[in-house]
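Inspection log for the structure reproduced underneath, given as structure tokens.
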Amino acid sequence: MDATGFRRLWDEITGIGLADTGGYLRFSWSAADLALRDWFDAQAAERGLLVETDRNGNRYAWWDLAPEAVVPPGAAPDRRAVLTGSHFDSVPHGGAYDGPLGIVSAFLAIDELRAAGAEPKRPIVIGAFTEEEGGRFGVPCLGTRLMTGVVDPDRARALTDPSGTTLADAMREAGADPDALGPDPERLANLSAFVELHVEQGRSLEAPVGVASAIWPHGRWRMTFTGAGDHAGTTRLPDRRDPMLTFAFAVLAARKEARLAGGLATVGRVEAVPNATNAIASQVTAWLDSRAPDEAVLSEILTGFESKVAERAKRDGTGFTIEPESETPIVEFDASLRDRLADLLGGVPVLPTGAGHDAGVLAAHVPTAMLFVRNPTGVSHALGEGASDEDCAAGVEALAAVLRDLAC
Ligand code: GLV
Ligand code: MN
Ligand code: MN
């Protein structure tokens, strides 16, 4: 695989979901997502791979020795599949690589294996997982959380996007069946390993390819600040109950608690009601994202943050509530798989990440590993995310070597 070969396939999707900003709007079950699913199906068909969608909307392409039979429940250990792949969806105006790189690389890795005459002894499956970013319905890794039973299907069906459309309605509109959502233990039991290739999302990887050691514990919390809407020109300062003030304090408090404890905290999304320049807001809703190297630090950030903001709300005469939307404990990837991959790839760097992934969710059920491809800017979830074609080609080579080792 060379850089040109990578670019040729990569360019087939670079126009899908591309916004005027240069970032991507590839929300799950949107037209862009459906176009990417069609592209996935076409790539599978070109390679004679069997396409299948699970009950949670995750799509698969099987390179199976007996394609008429997607591995039946209770497959013998030596017939359990090796799963690779990632996700198509993006954060609002996100980069091109976060997610799709793992899917495009998987098709190219299969091409590499076939060109080299490799013969899998167990199926190799490419997965495209739904709503990994939570960019539309708020809960990250929704497809794999449903599959593993971490999210209740009733709760998932009722999740709404910013325009108030429920997941159930969005799925129906896209021709999918929301009533089928739910755990899929047999599918998980039929997997021998999952390897997700992903663009590195920080500045820590200096080689073209690396292997993940762990994912920091992390979570998302919805915060609601309530007060009294009123006129910006006639309400005396002492008479105000302005939730925007408590919100502003909360943003600074999150940063301070994270700095003091040694973790991270971000408020990147906010909605004000009525969102008028000349009115004191009656309500502010905002989302806290916090991550830390270990669970004690994460909980220290949350505890300090909640008590400081509650105290401030009392002084402002406002209301403050906070509730988790998703929480993910620390993930230490399977040590023997991690070491096997790092050795196989010639001693590439092994590094942890603060970014969440479907690999983190599946790791509790299937031996799981991640390959990272260098990101020269270190930027992700924003314009500026990238990887050179040469490094992406090196990622394909690495993934092909790993799949050969695990499945052939
Ligand atoms: C997903 O990419 C996340 O880390 O939020
Ligand atoms: Mn992401
Ligand atoms: Mn991702």
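Quick note on naming: the chains in the structure tokens go A, B, ... in the order shown, residues restart at 1 in each chain, and ligands are numbered from 1 in order of appearance.
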
Q.
Can you pull out every residue with an atom within 6 Å of ligand 1? Use only C-alpha atoms and all ligand atoms and format it as a PyMOL selection string.
A. chain A and resi 133+355-357

Within 12 Å of ligand 3, counting only C-alpha atoms and all ligand atoms: which residues, as a PDB file with C-alpha atoms, in the first residue's frame?
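After the write, pocket.pdb holds the following:
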ATOM      1  CA  GLY A  85     -13.459  -0.792  11.830  1.00  0.00           C
ATOM      2  CA  SER A  86     -14.618   2.395  13.523  1.00  0.00           C
ATOM      3  CA  HIS A  87     -17.372   4.984  12.992  1.00  0.00           C
ATOM      4  CA  PHE A  88     -18.564   7.328  10.232  1.00  0.00           C
ATOM      5  CA  ASP A  89     -20.274   9.997  12.356  1.00  0.00           C
ATOM      6  CA  SER A  90     -18.571  13.255  13.293  1.00  0.00           C
ATOM      7  CA  VAL A  91     -18.821  15.925  15.947  1.00  0.00           C
ATOM      8  CA  GLY A  94     -15.293  17.864  13.042  1.00  0.00           C
ATOM      9  CA  GLY A  95     -12.359  16.553  11.041  1.00  0.00           C
ATOM     10  CA  ALA A  96     -12.369  13.977   8.270  1.00  0.00           C
ATOM     11  CA  TYR A  97     -10.226  11.344   9.963  1.00  0.00           C
ATOM     12  CA  ASP A  98     -11.813  10.718  13.360  1.00  0.00           C
ATOM     13  CA  GLY A  99     -13.685   7.474  12.674  1.00  0.00           C
ATOM     14  CA  PRO A 100     -13.738   7.063   8.872  1.00  0.00           C
ATOM     15  CA  LEU A 101      -9.969   6.448   8.792  1.00  0.00           C
ATOM     16  CA  GLY A 102     -10.529   3.147  10.602  1.00  0.00           C
ATOM     17  CA  ILE A 103     -13.177   2.010   8.111  1.00  0.00           C
ATOM     18  CA  ALA A 128     -19.123   0.848  11.112  1.00  0.00           C
ATOM     19  CA  PHE A 129     -20.592   1.815  14.478  1.00  0.00           C
ATOM     20  CA  THR A 130     -23.474   4.234  14.935  1.00  0.00           C
ATOM     21  CA  GLU A 131     -23.398   7.551  16.868  1.00  0.00           C
ATOM     22  CA  GLU A 132     -19.904   7.125  18.305  1.00  0.00           C
ATOM     23  CA  GLU A 133     -19.540  10.849  18.926  1.00  0.00           C
ATOM     24  CA  GLY A 134     -22.929  11.426  20.477  1.00  0.00           C
ATOM     25  CA  GLY A 135     -22.894  14.411  18.106  1.00  0.00           C
ATOM     26  CA  PRO A 140     -21.274   8.713  22.822  1.00  0.00           C
ATOM     27  CA  CYS A 141     -20.659   5.183  21.525  1.00  0.00           C
ATOM     28  CA  GLU A 196      -9.857  -0.272  15.964  1.00  0.00           C
ATOM     29  CA  LEU A 197      -7.496   1.876  13.899  1.00  0.00           C
ATOM     30  CA  HIS A 198      -7.919   5.577  14.675  1.00  0.00           C
ATOM     31  CA  VAL A 199      -6.198   8.865  14.028  1.00  0.00           C
ATOM     32  CA  GLU A 200      -4.243  10.003  17.124  1.00  0.00           C
ATOM     33  CA  GLN A 201      -6.055  12.921  18.705  1.00  0.00           C
ATOM     34  CA  THR A 353      -5.417   8.493  25.232  1.00  0.00           C
ATOM     35  CA  GLY A 354      -7.955  10.879  26.682  1.00  0.00           C
ATOM     36  CA  ALA A 355     -10.322  10.300  23.747  1.00  0.00           C
ATOM     37  CA  GLY A 356     -13.278   7.933  23.966  1.00  0.00           C
ATOM     38  CA  HIS A 357     -13.792   5.107  21.451  1.00  0.00           C
ATOM     39  CA  ASP A 358     -16.101   2.178  20.720  1.00  0.00           C
ATOM     40  CA  ALA A 359     -12.993   0.099  21.457  1.00  0.00           C
ATOM     41  CA  GLY A 360     -13.293   1.298  25.055  1.00  0.00           C
ATOM     42  CA  MET A 370      -6.256   0.091  19.084  1.00  0.00           C
ATOM     43  CA  PHE A 372      -3.138   5.010  16.251  1.00  0.00           C
ATOM     44  CA  SER A 380      -9.053  16.728  16.567  1.00  0.00           C
ATOM     45  CA  HIS A 381     -12.808  17.428  16.772  1.00  0.00           C
ATOM     46  CA  GLU A 385      -7.246  17.348  12.274  1.00  0.00           C
TER      47      GLU A 385
END

Q: Would you return as a list in words the members of range 139-259 of chain A that DSSP assigns to strand (DSSP E or B) on this structure's backbone?
A: Thr160, Thr166, Leu191, Ser192, Ala193, Phe194, Val195, Glu196, Leu197, His198, Val199, Val209, Gly210, Val211, Ala212, Ser213, Ala214, Ile215, His218, Gly219, Arg220, Trp221, Arg222, Met223, Thr224, Phe225, Thr226, Asp230 and His231 of chain A

Q: Can you check which residues of range 14-109 of chain A DSSP gives as alpha helix (DSSP H) on the backbone and send them as a PyMOL selection string?
A: chain A and resi 31-46+100-109

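In this model, the gap between CA of Arg155 in chain A and CA of Ser28 in chain A comes to 16.9 Å.
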
Q: Name the closest residue to ligand 2 among the candidates A:Leu205, A:Gly22, A:Val379, A:Met244; distances are taken between atoms, counting only C-alpha atoms and all ligand atoms.
A: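 Under the stated criterion, the closest residue is A:Val379.
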
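Minimum atom-to-atom distance to Leu142 in chain A, evaluated using only C-alpha atoms, belongs to A:Val361 out of A:Val361, A:Ile301, A:Ala258, A:Leu406.
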
Q: Find, counting only C-alpha atoms, the residue in A:Val151, A:Ala207, A:Leu159, A:Ala109 that gets nearest to Thr328 in chain A.
A: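 Of A:Val151, A:Ala207, A:Leu159, A:Ala109, the one nearest Thr328 in chain A is A:Val151, counting only C-alpha atoms.
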
Q) Can you tell me, as a list in words, what residues are no more than 9 Å from Leu344 in chain A when counting only C-alpha atoms, ignoring any on the same chain fewer than 3 positions away? A)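 Within the cut-off, the hits are Asp339, Arg340, Leu341, Gly347, Val348, Ala398, Ala401, Val402 and Asp405 of chain A.
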
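For the residues A:His93, A:Trp39, A:Ala281, A:Gly304, ranking by smallest atom-to-atom distance to ligand 2 using only C-alpha atoms and all ligand atoms places A:His93 first.
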
Q) Hey, can you check how far CA of Asp78 in chain A sits from CA of Val211 in chain A? A)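 We find that CA of Asp78 in chain A and CA of Val211 in chain A lie 24.8 Å from each other.
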